[in-house]
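S.K.: Below: one structure in structure tokens.
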Amino acid sequence: MKFLILFLCTMLCASTAFAGDPGPPDEVAPAAPEIVDVTPWIAPAVNESKPDDWGSPDPSRNWHVGLTAGQSSWDCTSNDCEVEAGSEDYETVAVAAGYTFGGWLRTEFEAGYRKHEIHGLNGPPCKRKRSHWHILPTYTSKGRAKCQTDKNLRVWDVTLGAYPTIQVYDRISFYAGGGLGIIIVEGLSQVDVAGVGKAIAGAEVRVYKGLSLDVGYKAIWALASMRLSGFDIKEYDSHGPFAGVKFRWF
């Protein structure tokens with residue numbers, strides 16, 4: 001009997017110990033490697049609606065103002081011109097404001113000023129020798145001629161132009177076009193007005209944000225003859241290079 005009781009106790013303890021043994025641990029699957037998106041490091045996204053430091057990525061619908069200066073020559077230097085121009089080139093200045101449509105068509109109002117030397121007068125009532133001496137007569141209220149010393153022709157022009165533009169590089173564009181307006185000529189103590197045409201070609205180089213350099217060549221010509229103190233300016237055309245700056249904003 002004692003042996004039987006001892007055997008049962010031994011089996012009960014062994015079964016209890018086996019039930020409490022958790023056994024070998026279960027194998028854990030390795031974690032998947034973390035995938036890091038490096039796209040922003042290689043090609044950062046560009047916000048096209050916001051201009052960068054080198055100018056707007058979208059040049060369309062841009063307002064702009066500009067200031068240019070250059071040289072201007074007048075080619076009527078022969079004795080066939082009643083008002084004979086001098087051979088020296090003078091400075092010219094212009095201010096402009098405009099709007100670019102569709103990123104390729106620039107429209108612009110421009111007001112300019114230029115000055116020319118009058119070398120001499122070759123028509124009546126002035127004799128050629130007086131023209132050679134640079135003695136410039138004009139009329140008095142009684143119709144008689146008198147001499148005066150105004151030897152400059154001053155010209156103001158206001159034009160509206162359109163200039164198709166081609167974007168060659170991110171910061172460089174080329175343009176060419178023309179416009180129409182009015183010209184005011186003052187000299188020999190009188191003033192006259194006529195229509196004027198304009199042609200221009202140039203390049204714009206963006207420097208920083210909305211600021212750019214503007215260089216090119218410009219020509220204007222009167223669409224009708226003008227008359228100053230009895231002398232006809234049958235043909236007036238002025239042309240020359242220019243350089244300046246432009247500032248753009250949305």
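We label chains A, B, ... in the order they appear in the structure tokens, count residues from 1 in each chain, and number ligands from 1 in the order shown.
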Need the shell around Leu211 (chain A): protein/DNA/RNA residues with any atom at most 9 Å away, counting only C-alpha atoms. Skip same-chain ones fewer than 3 positions apart. Format as a list in words?

M.R.: Trp54, Gly55, Val205, Arg206, Val207, Tyr208, Val245, Lys246, Phe247 and Arg248 of chain A

S.K.: Atoms to include: C-alpha atoms. Write the selected residues as an mmCIF file, in the first residue's frame.

M.R.:
data_model
loop_
_atom_site.group_PDB
_atom_site.id
_atom_site.type_symbol
_atom_site.label_atom_id
_atom_site.label_comp_id
_atom_site.auth_asym_id
_atom_site.auth_seq_id
_atom_site.Cartn_x
_atom_site.Cartn_y
_atom_site.Cartn_z
ATOM 1 C CA TRP A 54 16.375 83.531 -60.970
ATOM 2 C CA GLY A 55 13.014 84.770 -62.116
ATOM 3 C CA VAL A 205 18.785 88.209 -69.550
ATOM 4 C CA ARG A 206 17.355 87.514 -66.101
ATOM 5 C CA VAL A 207 19.755 88.383 -63.329
ATOM 6 C CA TYR A 208 17.941 87.946 -60.004
ATOM 7 C CA VAL A 245 17.071 97.074 -67.012
ATOM 8 C CA LYS A 246 13.594 95.632 -66.571
ATOM 9 C CA PHE A 247 11.716 94.603 -63.459
ATOM 10 C CA ARG A 248 8.896 92.051 -63.601
#

S.K.: In Å, how far is it from CA of Phe174 (chain A) to CA of Ala97 (chain A)?

M.R.: 18.0 Å

S.K.: Name all residues at most 12 Å from Gly86 (chain A) (count only C-alpha atoms; drop same-chain ones fewer than 2 positions away) and give them as an mmCIF file with N, CA and C atoms, in the first residue's frame.

M.R.:
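Below is the file part_1.cif, written as the result:
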data_model
loop_
_atom_site.group_PDB
_atom_site.id
_atom_site.type_symbol
_atom_site.label_atom_id
_atom_site.label_comp_id
_atom_site.auth_asym_id
_atom_site.auth_seq_id
_atom_site.Cartn_x
_atom_site.Cartn_y
_atom_site.Cartn_z
ATOM 1 N N SER A 72 21.843 107.535 -80.498
ATOM 2 C CA SER A 72 20.900 107.736 -81.583
ATOM 3 C C SER A 72 21.551 108.559 -82.686
ATOM 4 N N SER A 73 21.411 108.114 -83.927
ATOM 5 C CA SER A 73 21.941 108.852 -85.072
ATOM 6 C C SER A 73 20.797 109.201 -86.018
ATOM 7 N N TRP A 74 20.973 110.280 -86.764
ATOM 8 C CA TRP A 74 20.020 110.746 -87.760
ATOM 9 C C TRP A 74 20.774 110.826 -89.076
ATOM 10 N N ASP A 75 20.292 110.106 -90.095
ATOM 11 C CA ASP A 75 21.090 109.885 -91.302
ATOM 12 C C ASP A 75 20.963 110.972 -92.359
ATOM 13 N N CYS A 76 20.152 111.994 -92.154
ATOM 14 C CA CYS A 76 19.968 113.015 -93.191
ATOM 15 C C CYS A 76 21.117 114.022 -93.116
ATOM 16 N N THR A 77 22.280 113.609 -93.620
ATOM 17 C CA THR A 77 23.491 114.423 -93.486
ATOM 18 C C THR A 77 23.957 115.020 -94.813
ATOM 19 N N SER A 78 23.145 114.973 -95.851
ATOM 20 C CA SER A 78 23.566 115.515 -97.154
ATOM 21 C C SER A 78 22.962 116.896 -97.369
ATOM 22 N N ASN A 79 23.465 117.588 -98.381
ATOM 23 C CA ASN A 79 22.943 118.913 -98.710
ATOM 24 C C ASN A 79 21.555 118.857 -99.333
ATOM 25 N N CYS A 81 19.066 117.627 -97.835
ATOM 26 C CA CYS A 81 18.136 117.820 -96.710
ATOM 27 C C CYS A 81 18.077 119.296 -96.354
ATOM 28 N N VAL A 83 16.932 120.531 -93.618
ATOM 29 C CA VAL A 83 17.510 120.529 -92.266
ATOM 30 C C VAL A 83 18.539 119.415 -92.242
ATOM 31 N N GLU A 84 19.799 119.809 -92.271
ATOM 32 C CA GLU A 84 20.885 118.837 -92.394
ATOM 33 C C GLU A 84 21.384 118.434 -91.019
ATOM 34 N N GLU A 88 27.469 113.593 -85.497
ATOM 35 C CA GLU A 88 27.717 113.118 -84.138
ATOM 36 C C GLU A 88 26.478 112.431 -83.579
ATOM 37 N N ASP A 89 26.689 111.294 -82.893
ATOM 38 C CA ASP A 89 25.599 110.577 -82.229
ATOM 39 C C ASP A 89 25.359 111.172 -80.850
ATOM 40 N N TYR A 90 24.088 111.227 -80.460
ATOM 41 C CA TYR A 90 23.734 111.742 -79.148
ATOM 42 C C TYR A 90 23.050 110.649 -78.339
ATOM 43 N N LYS A 115 18.154 113.650 -78.888
ATOM 44 C CA LYS A 115 18.586 114.969 -79.371
ATOM 45 C C LYS A 115 19.551 114.775 -80.524
ATOM 46 N N HIS A 116 19.471 115.687 -81.511
ATOM 47 C CA HIS A 116 20.360 115.642 -82.669
ATOM 48 C C HIS A 116 20.952 117.030 -82.900
ATOM 49 N N GLU A 117 22.133 117.033 -83.466
ATOM 50 C CA GLU A 117 22.757 118.289 -83.885
ATOM 51 C C GLU A 117 22.249 118.683 -85.271
ATOM 52 N N ILE A 118 21.908 119.955 -85.448
ATOM 53 C CA ILE A 118 21.581 120.471 -86.774
ATOM 54 C C ILE A 118 22.868 121.051 -87.356
ATOM 55 N N HIS A 119 23.370 120.414 -88.388
ATOM 56 C CA HIS A 119 24.632 120.845 -88.995
ATOM 57 C C HIS A 119 24.440 122.114 -89.823
ATOM 58 N N GLY A 120 23.301 122.228 -90.475
ATOM 59 C CA GLY A 120 23.056 123.409 -91.294
ATOM 60 C C GLY A 120 21.712 123.334 -91.970
ATOM 61 N N LEU A 121 21.347 124.444 -92.674
ATOM 62 C CA LEU A 121 20.092 124.537 -93.413
ATOM 63 C C LEU A 121 20.413 124.746 -94.889
ATOM 64 N N SER A 131 24.476 128.077 -94.300
ATOM 65 C CA SER A 131 24.398 126.737 -93.743
ATOM 66 C C SER A 131 25.784 126.261 -93.327
ATOM 67 N N HIS A 132 26.769 126.555 -94.162
ATOM 68 C CA HIS A 132 28.124 126.140 -93.830
ATOM 69 C C HIS A 132 28.627 126.851 -92.575
ATOM 70 N N HIS A 134 26.791 127.643 -90.105
ATOM 71 C CA HIS A 134 25.908 127.276 -88.988
ATOM 72 C C HIS A 134 25.130 128.495 -88.481
ATOM 73 N N LYS A 151 20.969 125.166 -82.510
ATOM 74 C CA LYS A 151 21.502 124.187 -83.439
ATOM 75 C C LYS A 151 21.207 122.747 -83.014
ATOM 76 N N ASN A 152 20.148 122.531 -82.242
ATOM 77 C CA ASN A 152 19.783 121.196 -81.793
ATOM 78 C C ASN A 152 18.338 120.886 -82.172
ATOM 79 N N LEU A 153 18.092 119.651 -82.472
ATOM 80 C CA LEU A 153 16.751 119.143 -82.726
ATOM 81 C C LEU A 153 16.411 118.188 -81.592
#

S.K.: Can you pull out every residue within 12 Å of region 192-196 of chain A, counting only C-alpha atoms, but drop anything in the same chain fewer than 4 positions away, and send it as a count of residues only?

M.R.: 40
